Amino acid sequence: MLDIRIIRENPTAVQDRLKLRGGNHWKLIEDVLACDEKRRAAETEKQALQSQRKLIAKQIGMAKGKGEDTSAAESEARMINAKIEALDAEAEATSLRQQEHLMMIPNLPHEACPQGEDETQNPVVRTWGAAPEIVDPQDHVVLATRHQLIDWDDAVRVSGSGFAVYRGRGAKLERALINFLLDTQTDHGYEEVNVPHLVKRECMEGTGQLPKFEEDMYGTEPDESGQNQLFLAPTAEVPVTNLYRDTIVPESRLPLKMCAYTPCFRREAGSAGRDNKGIIRMHQFDKVELVQVVHPDQGLAALEELTAHAEAILQKLGLHYRTIELCTGDLGANSAKTYDIEVWAPGQGKYLEVSSCSWFGDFQARRMKLRYKDGEGKNRFPHTLNGSGTALPRLYVALLEQYQQEDGSITIPPALVPYFGDSSIRS
């Protein structure tokens, strides 16, 4: 959530930054300011009435001491009380509307973000490794079916489309990758946490999934109004970052660095026909997430560090990938600056996003009321970051497709052999 003081002080500059994203969110700034003006006017009028009420109360007291009739003054005092109550209600309703508007406004793109309209204008920052030379590469569906690693028919029978059942060596490979990811990231200094997979509505609001993206989420436990109060976590970002919601952390504890494995659940509303083959886009998938909470002075440096930690996974596995920076028109709503890591999938003939590493500034911290106490004893908002370290399905796809051999077998990268227990998968 944006700082209301920044909006008050320079609304035009805020609108100009929001316009770089495309869309009409910048128009909400006018609504926020209108609410702000109305609320402030109500508060000013209320203070004047309170002063008037105090004066009348003093006059009533003096009149009663003299035995004079105070009925008219008491009637006026009651009218003032009624006006104050009405102003309180008006100010509360206006504040609520203002808060609703603020919750819908995306983050400001950082000034260093490349400007562009969509994903076609995302610049490549770097590449690593070389794409393997494979004659007539097979995709992961063919490979997984040949080696009986994944069964999609079983998944349809149990849950419907958009799910997968990993079996035998396929399930073992998934487990091996999860353990490899967690061990690698804890070696980078992240505390491993095991969090609930159901999260409260206010947690989803805190990290910015709600209210904007509710149609993509699996909600449960609706209240009297039909509004869902619990959600299956769409990413471990939600429960992990919210471990510190509504708390004040000593500055000496920063940075906080955590990683967690969770299944992730998404409806993928509106994504029909997009990368739906195999396990590239699913309603349930596994992921290891990285979260950092840092001092504001360290936000941008932490983004570079976190991105390097995610890239280290692909380097250890020897997988060719590239890192791109999202332009302003492709930037996620909550992020101020983002790098996407895309791994090469020869069976698809394209790169697949396997990690998105984002710096949010104090945007999430404000929504969560997450603060730290600085050396002067003042409560301030830290910066939050997260990134996939990494998502499993597309990592799984890239591993099968990049390490396929001419004889139909799949080589297991040396770094993964201790976890998987074998150096290859053969029929």
# chains A, B, ... in the order shown; residues from 1 in each chain; ligands from 1
$ select_by_dssp --residues "stretch 113-358 of chain A" --states "alpha helix (DSSP H)" --output "PyMOL selection string"
chain A and resi 140-146+152-158+169-187+201-207+237-241+299-317
$ closest_atom_pairs --of "stretch 284-364 of chain A" --to "stretch 198-209 of chain A" --cutoff "12 Å" --atoms "only C-alpha atoms" --output "Markdown table"
| residue | atom | partner | partner_atom | distance |
| --- | --- | --- | --- | --- |
| A:Val291 | CA | A:Thr207 | CA | 11.7 |
| A:Gly332 | CA | A:Gly208 | CA | 10.2 |
| A:Ala333 | CA | A:Gly208 | CA | 8.0 |
| A:Asn334 | CA | A:Gly208 | CA | 6.2 |
| A:Ser335 | CA | A:Gly208 | CA | 9.7 |
| A:Phe360 | CA | A:Thr207 | CA | 9.6 |
| A:Asp362 | CA | A:Thr207 | CA | 10.9 |
| A:Phe363 | CA | A:Thr207 | CA | 8.6 |
| A:Gln364 | CA | A:Thr207 | CA | 5.3 |
$ closest_atom_pairs --of "stretch 116-156 of chain A" --to "stretch 393-398 of chain A" --cutoff "12 Å" --atoms "only C-alpha atoms" --output "Markdown table"
| residue | atom | partner | partner_atom | distance |
| --- | --- | --- | --- | --- |
| A:Ala131 | CA | A:Ala398 | CA | 10.9 |
| A:Pro132 | CA | A:Ala398 | CA | 11.1 |
| A:Pro137 | CA | A:Ala398 | CA | 11.7 |
| A:Gln138 | CA | A:Val397 | CA | 10.9 |
| A:Asp139 | CA | A:Val397 | CA | 8.1 |
| A:His140 | CA | A:Val397 | CA | 5.6 |
| A:Val141 | CA | A:Val397 | CA | 8.6 |
| A:Val142 | CA | A:Val397 | CA | 11.0 |
| A:Leu143 | CA | A:Val397 | CA | 9.6 |
| A:Ala144 | CA | A:Val397 | CA | 9.2 |
| A:Leu149 | CA | A:Tyr396 | CA | 11.0 |
| A:Ile150 | CA | A:Tyr396 | CA | 11.1 |
$ closest_residue --among "A:Pro263, A:Gly361, A:Gly189, A:Gly160" --to "A:Glu305" --atoms "only C-alpha atoms"
A:Gly189
$ closest_residue --among "A:Phe231, A:Tyr321, A:Phe180, A:Tyr339" --to "A:Pro418" --atoms "only C-alpha atoms"
A:Phe180
$ residues_around --residues "stretch 239-253 of chain A" --least-positions-apart "3" --cutoff "6 Å" --atoms "only C-alpha atoms" --output "PDB file with N, CA and C atoms, in the first residue's frame"
ATOM      1  N   ALA A 236       3.987 -19.771  -0.857  1.00  0.00           N
ATOM      2  CA  ALA A 236       4.462 -19.675   0.530  1.00  0.00           C
ATOM      3  C   ALA A 236       4.794 -18.243   0.915  1.00  0.00           C
ATOM      4  N   MET A 368       0.603  -4.971   5.988  1.00  0.00           N
ATOM      5  CA  MET A 368       0.646  -5.943   7.082  1.00  0.00           C
ATOM      6  C   MET A 368       0.883  -5.304   8.446  1.00  0.00           C
ATOM      7  N   LYS A 369       1.180  -4.007   8.452  1.00  0.00           N
ATOM      8  CA  LYS A 369       1.574  -3.317   9.686  1.00  0.00           C
ATOM      9  C   LYS A 369       2.800  -3.992  10.304  1.00  0.00           C
ATOM     10  N   LEU A 370       3.714  -4.359   9.440  1.00  0.00           N
ATOM     11  CA  LEU A 370       4.998  -4.918   9.857  1.00  0.00           C
ATOM     12  C   LEU A 370       5.982  -3.764   9.996  1.00  0.00           C
ATOM     13  N   ARG A 371       6.550  -3.606  11.188  1.00  0.00           N
ATOM     14  CA  ARG A 371       7.448  -2.490  11.448  1.00  0.00           C
ATOM     15  C   ARG A 371       8.717  -2.961  12.148  1.00  0.00           C
ATOM     16  N   TYR A 372       9.717  -2.090  12.138  1.00  0.00           N
ATOM     17  CA  TYR A 372      10.903  -2.329  12.956  1.00  0.00           C
ATOM     18  C   TYR A 372      11.170  -1.067  13.750  1.00  0.00           C
ATOM     19  N   LYS A 373      11.826  -1.199  14.895  1.00  0.00           N
ATOM     20  CA  LYS A 373      12.137  -0.050  15.753  1.00  0.00           C
ATOM     21  C   LYS A 373      13.587   0.348  15.510  1.00  0.00           C
ATOM     22  N   ASP A 374      13.787   1.579  15.031  1.00  0.00           N
ATOM     23  CA  ASP A 374      15.135   2.007  14.695  1.00  0.00           C
ATOM     24  C   ASP A 374      15.916   2.421  15.935  1.00  0.00           C
TER      25      ASP A 374
END
$ residues_around --residues "A:Glu237" --least-positions-apart "3" --cutoff "10 Å" --atoms "only C-alpha atoms" --output "list in words"
Met204, Thr207, Ala233, Pro234, Val240, Thr241, Asn242, Met258, Cys259, Ala260, Thr262, Val288, Glu289, Leu290, Val291, Gln292, Leu385, Asn386, Gly387 and Ser388 of chain A
$ residues_around --residues "A:Glu325" --least-positions-apart "4" --cutoff "7 Å" --atoms "only C-alpha atoms" --output "PyMOL selection string"
chain A and resi 122-125+338-340
$ residues_around --residues "A:Ile60" --least-positions-apart "2" --cutoff "12 Å" --atoms "only C-alpha atoms" --output "compact mmCIF listing (two decimals) with N, CA and C atoms, in the first residue's frame"
# COMPACT_ATOMS: atom_id res chain seq x y z
N ARG A 53 -18.82 22.81 22.21
CA ARG A 53 -19.49 22.02 23.26
C ARG A 53 -18.84 22.25 24.61
N LYS A 54 -17.54 22.35 24.62
CA LYS A 54 -16.82 22.59 25.87
C LYS A 54 -17.20 23.94 26.47
N LEU A 55 -17.33 24.95 25.60
CA LEU A 55 -17.71 26.28 26.06
C LEU A 55 -19.13 26.28 26.61
N ILE A 56 -20.05 25.59 25.90
CA ILE A 56 -21.45 25.53 26.37
C ILE A 56 -21.53 24.79 27.70
N ALA A 57 -20.75 23.71 27.84
CA ALA A 57 -20.76 22.97 29.10
C ALA A 57 -20.32 23.86 30.26
N LYS A 58 -19.34 24.71 29.99
CA LYS A 58 -18.87 25.63 31.02
C LYS A 58 -19.96 26.64 31.37
N MET A 62 -21.95 27.24 35.01
CA MET A 62 -22.03 28.55 35.68
C MET A 62 -23.48 28.96 35.90
N ALA A 63 -24.34 28.70 34.89
CA ALA A 63 -25.76 29.08 35.00
C ALA A 63 -26.45 28.29 36.10
N LYS A 64 -26.13 27.00 36.16
CA LYS A 64 -26.75 26.17 37.21
C LYS A 64 -26.31 26.64 38.59
N GLY A 65 -25.09 27.11 38.69
CA GLY A 65 -24.60 27.61 39.98
C GLY A 65 -25.35 28.85 40.42
N LYS A 66 -25.91 29.59 39.47
CA LYS A 66 -26.68 30.78 39.78
C LYS A 66 -28.18 30.50 39.85
N GLY A 67 -28.56 29.22 39.60
CA GLY A 67 -29.97 28.86 39.64
C GLY A 67 -30.72 29.27 38.41
N GLU A 68 -30.03 29.53 37.31
CA GLU A 68 -30.68 29.97 36.08
C GLU A 68 -31.15 28.78 35.24
N ASP A 69 -32.10 29.03 34.34
CA ASP A 69 -32.63 27.99 33.45
C ASP A 69 -31.58 27.65 32.38
N THR A 70 -31.25 26.35 32.23
CA THR A 70 -30.21 25.91 31.26
C THR A 70 -30.79 25.02 30.16
N SER A 71 -32.09 24.95 30.05
CA SER A 71 -32.70 24.02 29.10
C SER A 71 -32.30 24.34 27.65
N ALA A 72 -32.25 25.62 27.29
CA ALA A 72 -31.90 25.99 25.92
C ALA A 72 -30.45 25.58 25.62
N ALA A 73 -29.57 25.87 26.58
CA ALA A 73 -28.16 25.52 26.38
C ALA A 73 -27.98 24.00 26.30
N GLU A 74 -28.70 23.27 27.15
CA GLU A 74 -28.61 21.81 27.14
C GLU A 74 -29.14 21.25 25.82
N SER A 75 -30.19 21.86 25.27
CA SER A 75 -30.73 21.43 23.98
C SER A 75 -29.69 21.66 22.87
N GLU A 76 -28.99 22.83 22.95
CA GLU A 76 -27.96 23.12 21.97
C GLU A 76 -26.80 22.11 22.09
N ALA A 77 -26.45 21.74 23.33
CA ALA A 77 -25.38 20.77 23.55
C ALA A 77 -25.74 19.41 22.96
